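J.: Quick one: the structure is below, and I'll ask about it shortly.
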Amino acid sequence: MVTIHDVARAAGVSPATVSRVFNGGNVTPARAQSVQEAAAALGFAPNRLARSLRKQRSSVIALIIPDIENPFFTSLARGVEDAAQRTSLSVVLCNSDEDTDKERRYLEVALGEQMAGVIVASASRDETDLGPLTARGVPVVAVDRRPRDAEVDAVRVDDRHGGEVATRHLLQAGYRRIACITGPAGASTSEERLAGYRAALHSARRDGVTADDAYVRHADFRVEGGRAAMRDLLALPEPPDAVFVANNLMTIGVLDALGEVGRTPPGVGVLSFGDVPWASLVRPSLTAVELPSYELGRTAADLLLQRMEGSGSPLQTVVLRTTLQIRESTAGPATD
């Protein structure tokens with residue numbers, strides 16, 4: 001059976017070019033003629049049913065996120081879906097599990113299935129490769145996290161500013177040995193939130209505060225990662241009197257680890273980057289950096305739709321600000 005790859009080899013073009021010729025894509029007349037002649041010589045007949053199905057897929061976009069169990073990404077996905085539904089687009093949700101290999105396979109599927117566009121919260125700043133998609137003209141928007149050197153539109157939170165505001169609040173509340181549990185070293189959000197934490201401590205040097213990397217831990221943005229990191233910090237000769245936790249799921253693990261040794265906020269201050277529905281219900285209530293997760297998703301979908309409609313405007317990076325919700329868990333350190 002003659003395939004599209006056979007035609008491509010005979011015509012001296014890529015399979016993508018052959019596909020565009022038979023699906024009404026933009027191809028130069030010379031290349032189109034070459035493909036048509038090669039197809040005729042080989043007896044290639046395009047499958048009309050397959051062509052129809054591929055055209056239907058042009059109304060589908062992929063949303064690739066790192067952790068479907070995280071309420072932040074659930075809300076983000078809702079923002080994407082609501083915006084997509086207004087233009088009759090369907091959204092395929094893909095969960096990469098912070099795994100770059102799994103993420104790469106999803107990106108390949110989006111390309112192979114000729115999806116109309118992709119929104120991705122990358123698993124790694126350095127390893128996620130969006131080049132194959134952009135090289136084929138697939139519209140891509142990076143949301144929340146942006147891979148290094150990716151030439152795509154992006155929507156993100158001002159993570160550095162949020163981390164700095166959070167740490168400054170802990171300093172103002174009277175805490176001095178402030179730890180930071182951030183996410184994987186390969187994630188842009190991890191590094192930006194950590195940079196904000198360090199900037200706040202650097203600014204407080206005149207007040208006798210020092211930035212000590214002994215109080216910094218990288219974890220996996222999940223409950224168990226936060227628990228293990230907090231246990232490690234509590235084992236230090238001089239444990240921290242407060243902790244800035246760089247996402248909401250790790251905060252659950254931090255609170256659990258503190259409860260294991262009978263230490264609770266606000267004696268040990270706990271501040272979460274990422275609010276949760278129950279933050280104001282627990283006792284003590286949880287101070288948190290509130291993220292515009294729904295707005296992130298909606299804005300990312302709007303940017304993608306503009307690109308799908310042929311927008312020739314320069315690439316955009318939209319940066320949304322966070323809000324600090326001050327509650328009881330950072331009321332001040334324990335006194336001896």
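Ordered as shown in the structure tokens, chains take letters A, B, and onward, while each chain numbers its residues from 1 and ligands are numbered from 1 in the order shown.
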Could you pull out the strand (DSSP E or B) residues of range 23-146 of chain A, going by DSSP on the backbone, and write them as a ChimeraX atom specification?

T.: /A:60-65,90-95,117-120,140-143

J.: If we count only C-alpha atoms, what is near Ala228 in chain A at a cut-off of 12 Å, once residues fewer than 4 positions away on the same chain are taken out, given as a ChimeraX atom specification?

T.: /A:181,217-224,232-235,250-258,260

J.: Hey, what's within 6 Å of range 288-291 of chain A if we count only C-alpha atoms and toss same-chain stuff fewer than 5 positions away? As a ChimeraX atom specification, please?

T.: /A:271-275,322-325

J.: Would you give me, as a PyMOL selection string, the residues in range 60-287 of chain A that DSSP reads as helix (DSSP H, G or I)?

T.: chain A and resi 71-85+100-112+131-135+159-172+188-203+205-207+213-215+223-234+248-260

J.: Please list as number ranges by chain every residue within 8 Å of Thr189 in chain A, counting only C-alpha atoms and excluding residues in the same chain fewer than 3 positions away.

T.: A: 144-145, 159, 183, 192-193

J.: Neighbouring residues of Pro239 in chain A were defined as those with any atom within 12 Å, considering only C-alpha atoms; residues of the same chain fewer than 2 positions away were excluded. Please report them as a PDB file with N, CA, C and O atoms, in the first residue's frame.

T.:
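Now in selection_14.pdb:
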ATOM      1  N   ARG A 176      12.111  35.250  61.735  1.00  0.00           N
ATOM      2  CA  ARG A 176      13.476  35.550  61.313  1.00  0.00           C
ATOM      3  C   ARG A 176      14.174  34.350  60.662  1.00  0.00           C
ATOM      4  O   ARG A 176      15.019  34.522  59.795  1.00  0.00           O
ATOM      5  N   ARG A 177      13.873  33.159  61.070  1.00  0.00           N
ATOM      6  CA  ARG A 177      14.480  31.972  60.443  1.00  0.00           C
ATOM      7  C   ARG A 177      13.458  31.393  59.458  1.00  0.00           C
ATOM      8  O   ARG A 177      12.761  30.426  59.741  1.00  0.00           O
ATOM      9  N   ILE A 178      13.393  32.031  58.306  1.00  0.00           N
ATOM     10  CA  ILE A 178      12.338  31.710  57.342  1.00  0.00           C
ATOM     11  C   ILE A 178      12.869  30.740  56.292  1.00  0.00           C
ATOM     12  O   ILE A 178      13.853  31.024  55.610  1.00  0.00           O
ATOM     13  N   ALA A 179      12.214  29.604  56.184  1.00  0.00           N
ATOM     14  CA  ALA A 179      12.592  28.596  55.192  1.00  0.00           C
ATOM     15  C   ALA A 179      11.751  28.767  53.930  1.00  0.00           C
ATOM     16  O   ALA A 179      10.694  29.413  53.940  1.00  0.00           O
ATOM     17  N   ASP A 212      19.984  32.176  54.351  1.00  0.00           N
ATOM     18  CA  ASP A 212      20.771  30.962  54.580  1.00  0.00           C
ATOM     19  C   ASP A 212      20.183  29.830  53.742  1.00  0.00           C
ATOM     20  O   ASP A 212      19.043  29.402  53.965  1.00  0.00           O
ATOM     21  N   ALA A 214      20.669  26.877  53.890  1.00  0.00           N
ATOM     22  CA  ALA A 214      20.349  25.693  54.691  1.00  0.00           C
ATOM     23  C   ALA A 214      18.848  25.584  54.913  1.00  0.00           C
ATOM     24  O   ALA A 214      18.328  24.505  55.227  1.00  0.00           O
ATOM     25  N   TYR A 215      18.133  26.698  54.738  1.00  0.00           N
ATOM     26  CA  TYR A 215      16.684  26.716  54.921  1.00  0.00           C
ATOM     27  C   TYR A 215      15.919  26.573  53.603  1.00  0.00           C
ATOM     28  O   TYR A 215      14.700  26.769  53.578  1.00  0.00           O
ATOM     29  N   VAL A 216      16.604  26.253  52.526  1.00  0.00           N
ATOM     30  CA  VAL A 216      15.952  26.097  51.217  1.00  0.00           C
ATOM     31  C   VAL A 216      15.880  24.618  50.853  1.00  0.00           C
ATOM     32  O   VAL A 216      16.877  23.890  50.952  1.00  0.00           O
ATOM     33  N   MET A 230       9.671  19.353  54.924  1.00  0.00           N
ATOM     34  CA  MET A 230       9.459  19.950  56.245  1.00  0.00           C
ATOM     35  C   MET A 230      10.079  19.099  57.344  1.00  0.00           C
ATOM     36  O   MET A 230      10.671  19.623  58.298  1.00  0.00           O
ATOM     37  N   ARG A 231       9.986  17.799  57.231  1.00  0.00           N
ATOM     38  CA  ARG A 231      10.642  16.922  58.201  1.00  0.00           C
ATOM     39  C   ARG A 231      12.142  17.166  58.225  1.00  0.00           C
ATOM     40  O   ARG A 231      12.770  17.202  59.294  1.00  0.00           O
ATOM     41  N   ASP A 232      12.714  17.351  57.049  1.00  0.00           N
ATOM     42  CA  ASP A 232      14.148  17.611  56.944  1.00  0.00           C
ATOM     43  C   ASP A 232      14.507  18.933  57.607  1.00  0.00           C
ATOM     44  O   ASP A 232      15.514  19.036  58.323  1.00  0.00           O
ATOM     45  N   LEU A 233      13.708  19.947  57.395  1.00  0.00           N
ATOM     46  CA  LEU A 233      13.963  21.256  57.997  1.00  0.00           C
ATOM     47  C   LEU A 233      13.827  21.207  59.512  1.00  0.00           C
ATOM     48  O   LEU A 233      14.594  21.838  60.247  1.00  0.00           O
ATOM     49  N   LEU A 234      12.871  20.442  59.999  1.00  0.00           N
ATOM     50  CA  LEU A 234      12.675  20.338  61.450  1.00  0.00           C
ATOM     51  C   LEU A 234      13.829  19.619  62.138  1.00  0.00           C
ATOM     52  O   LEU A 234      14.042  19.774  63.345  1.00  0.00           O
ATOM     53  N   ALA A 235      14.592  18.840  61.368  1.00  0.00           N
ATOM     54  CA  ALA A 235      15.729  18.114  61.935  1.00  0.00           C
ATOM     55  C   ALA A 235      16.990  18.973  62.036  1.00  0.00           C
ATOM     56  O   ALA A 235      17.999  18.526  62.597  1.00  0.00           O
ATOM     57  N   LEU A 236      16.955  20.203  61.538  1.00  0.00           N
ATOM     58  CA  LEU A 236      18.114  21.088  61.629  1.00  0.00           C
ATOM     59  C   LEU A 236      18.393  21.449  63.085  1.00  0.00           C
ATOM     60  O   LEU A 236      17.472  21.486  63.916  1.00  0.00           O
ATOM     61  N   PRO A 237      19.663  21.741  63.425  1.00  0.00           N
ATOM     62  CA  PRO A 237      19.987  22.150  64.802  1.00  0.00           C
ATOM     63  C   PRO A 237      19.170  23.363  65.252  1.00  0.00           C
ATOM     64  O   PRO A 237      18.777  23.456  66.410  1.00  0.00           O
ATOM     65  N   ASP A 241      11.564  29.163  61.988  1.00  0.00           N
ATOM     66  CA  ASP A 241      10.366  29.573  62.730  1.00  0.00           C
ATOM     67  C   ASP A 241       9.221  29.936  61.792  1.00  0.00           C
ATOM     68  O   ASP A 241       8.127  30.296  62.234  1.00  0.00           O
ATOM     69  N   ALA A 242       9.468  29.846  60.478  1.00  0.00           N
ATOM     70  CA  ALA A 242       8.411  30.063  59.484  1.00  0.00           C
ATOM     71  C   ALA A 242       8.837  29.408  58.184  1.00  0.00           C
ATOM     72  O   ALA A 242      10.029  29.191  57.941  1.00  0.00           O
ATOM     73  N   VAL A 243       7.859  29.117  57.332  1.00  0.00           N
ATOM     74  CA  VAL A 243       8.176  28.494  56.042  1.00  0.00           C
ATOM     75  C   VAL A 243       7.253  29.056  54.969  1.00  0.00           C
ATOM     76  O   VAL A 243       6.035  29.152  55.150  1.00  0.00           O
ATOM     77  N   LEU A 258       4.405  19.228  60.543  1.00  0.00           N
ATOM     78  CA  LEU A 258       4.410  20.027  61.773  1.00  0.00           C
ATOM     79  C   LEU A 258       3.528  19.379  62.839  1.00  0.00           C
ATOM     80  O   LEU A 258       3.884  19.326  64.027  1.00  0.00           O
ATOM     81  N   ARG A 263       3.929  20.840  66.539  1.00  0.00           N
ATOM     82  CA  ARG A 263       4.175  22.262  66.284  1.00  0.00           C
ATOM     83  C   ARG A 263       3.143  22.738  65.263  1.00  0.00           C
ATOM     84  O   ARG A 263       2.927  22.110  64.223  1.00  0.00           O
ATOM     85  N   VAL A 268       4.948  28.298  64.400  1.00  0.00           N
ATOM     86  CA  VAL A 268       5.761  28.193  63.192  1.00  0.00           C
ATOM     87  C   VAL A 268       4.886  28.733  62.067  1.00  0.00           C
ATOM     88  O   VAL A 268       3.853  28.153  61.742  1.00  0.00           O
TER      89      VAL A 268
END

J.: One number please: CA of Tyr106 in chain A to CA of Pro147 in chain A, in Å, one decimal.

T.: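 A separation of 15.8 Å between them.
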
J.: Using only C-alpha atoms, which residues of range 100-195 of chain A come within 10 Å of range 294-315 of chain A, and what is the closest atom pair for each, with the distance in Å to one decimal? Give it as a tab-separated table, sorted by chain and residue number.

T.:
residue	atom	partner	partner_atom	distance
A:Ala116	CA	A:Met308	CA	7.1
A:Gly117	CA	A:Leu304	CA	6.9
A:Val118	CA	A:Leu304	CA	7.7
A:Ile119	CA	A:Ala300	CA	7.1
A:Val120	CA	A:Ala300	CA	9.4
A:Gly137	CA	A:Met308	CA	9.8
A:Val138	CA	A:Met308	CA	8.4
A:Pro139	CA	A:Arg307	CA	5.9
A:Val140	CA	A:Leu304	CA	6.6
A:Val141	CA	A:Leu304	CA	6.1
A:Ala142	CA	A:Ala300	CA	7.6
A:Val143	CA	A:Ala300	CA	6.3
A:Asp144	CA	A:Leu296	CA	7.3
A:Glu151	CA	A:Leu315	CA	7.6
A:Val152	CA	A:Leu315	CA	6.3
A:Asp153	CA	A:Leu315	CA	5.2
A:Ala154	CA	A:Ala300	CA	7.2
A:Val155	CA	A:Ala300	CA	5.9
A:Arg156	CA	A:Leu296	CA	6.8
A:Val157	CA	A:Leu296	CA	7.9

J.: Between CA of Ser293 in chain A and CA of Phe72 in chain A, what is the spacing in Å?

T.: 5.9 Å

J.: Of the candidates A:Leu93, A:Pro71, A:Leu133, A:Ala204, which one gets nearest to Leu111 in chain A if we count only C-alpha atoms?

T.: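 With only C-alpha atoms as the atom set, the closest residue is A:Leu133.
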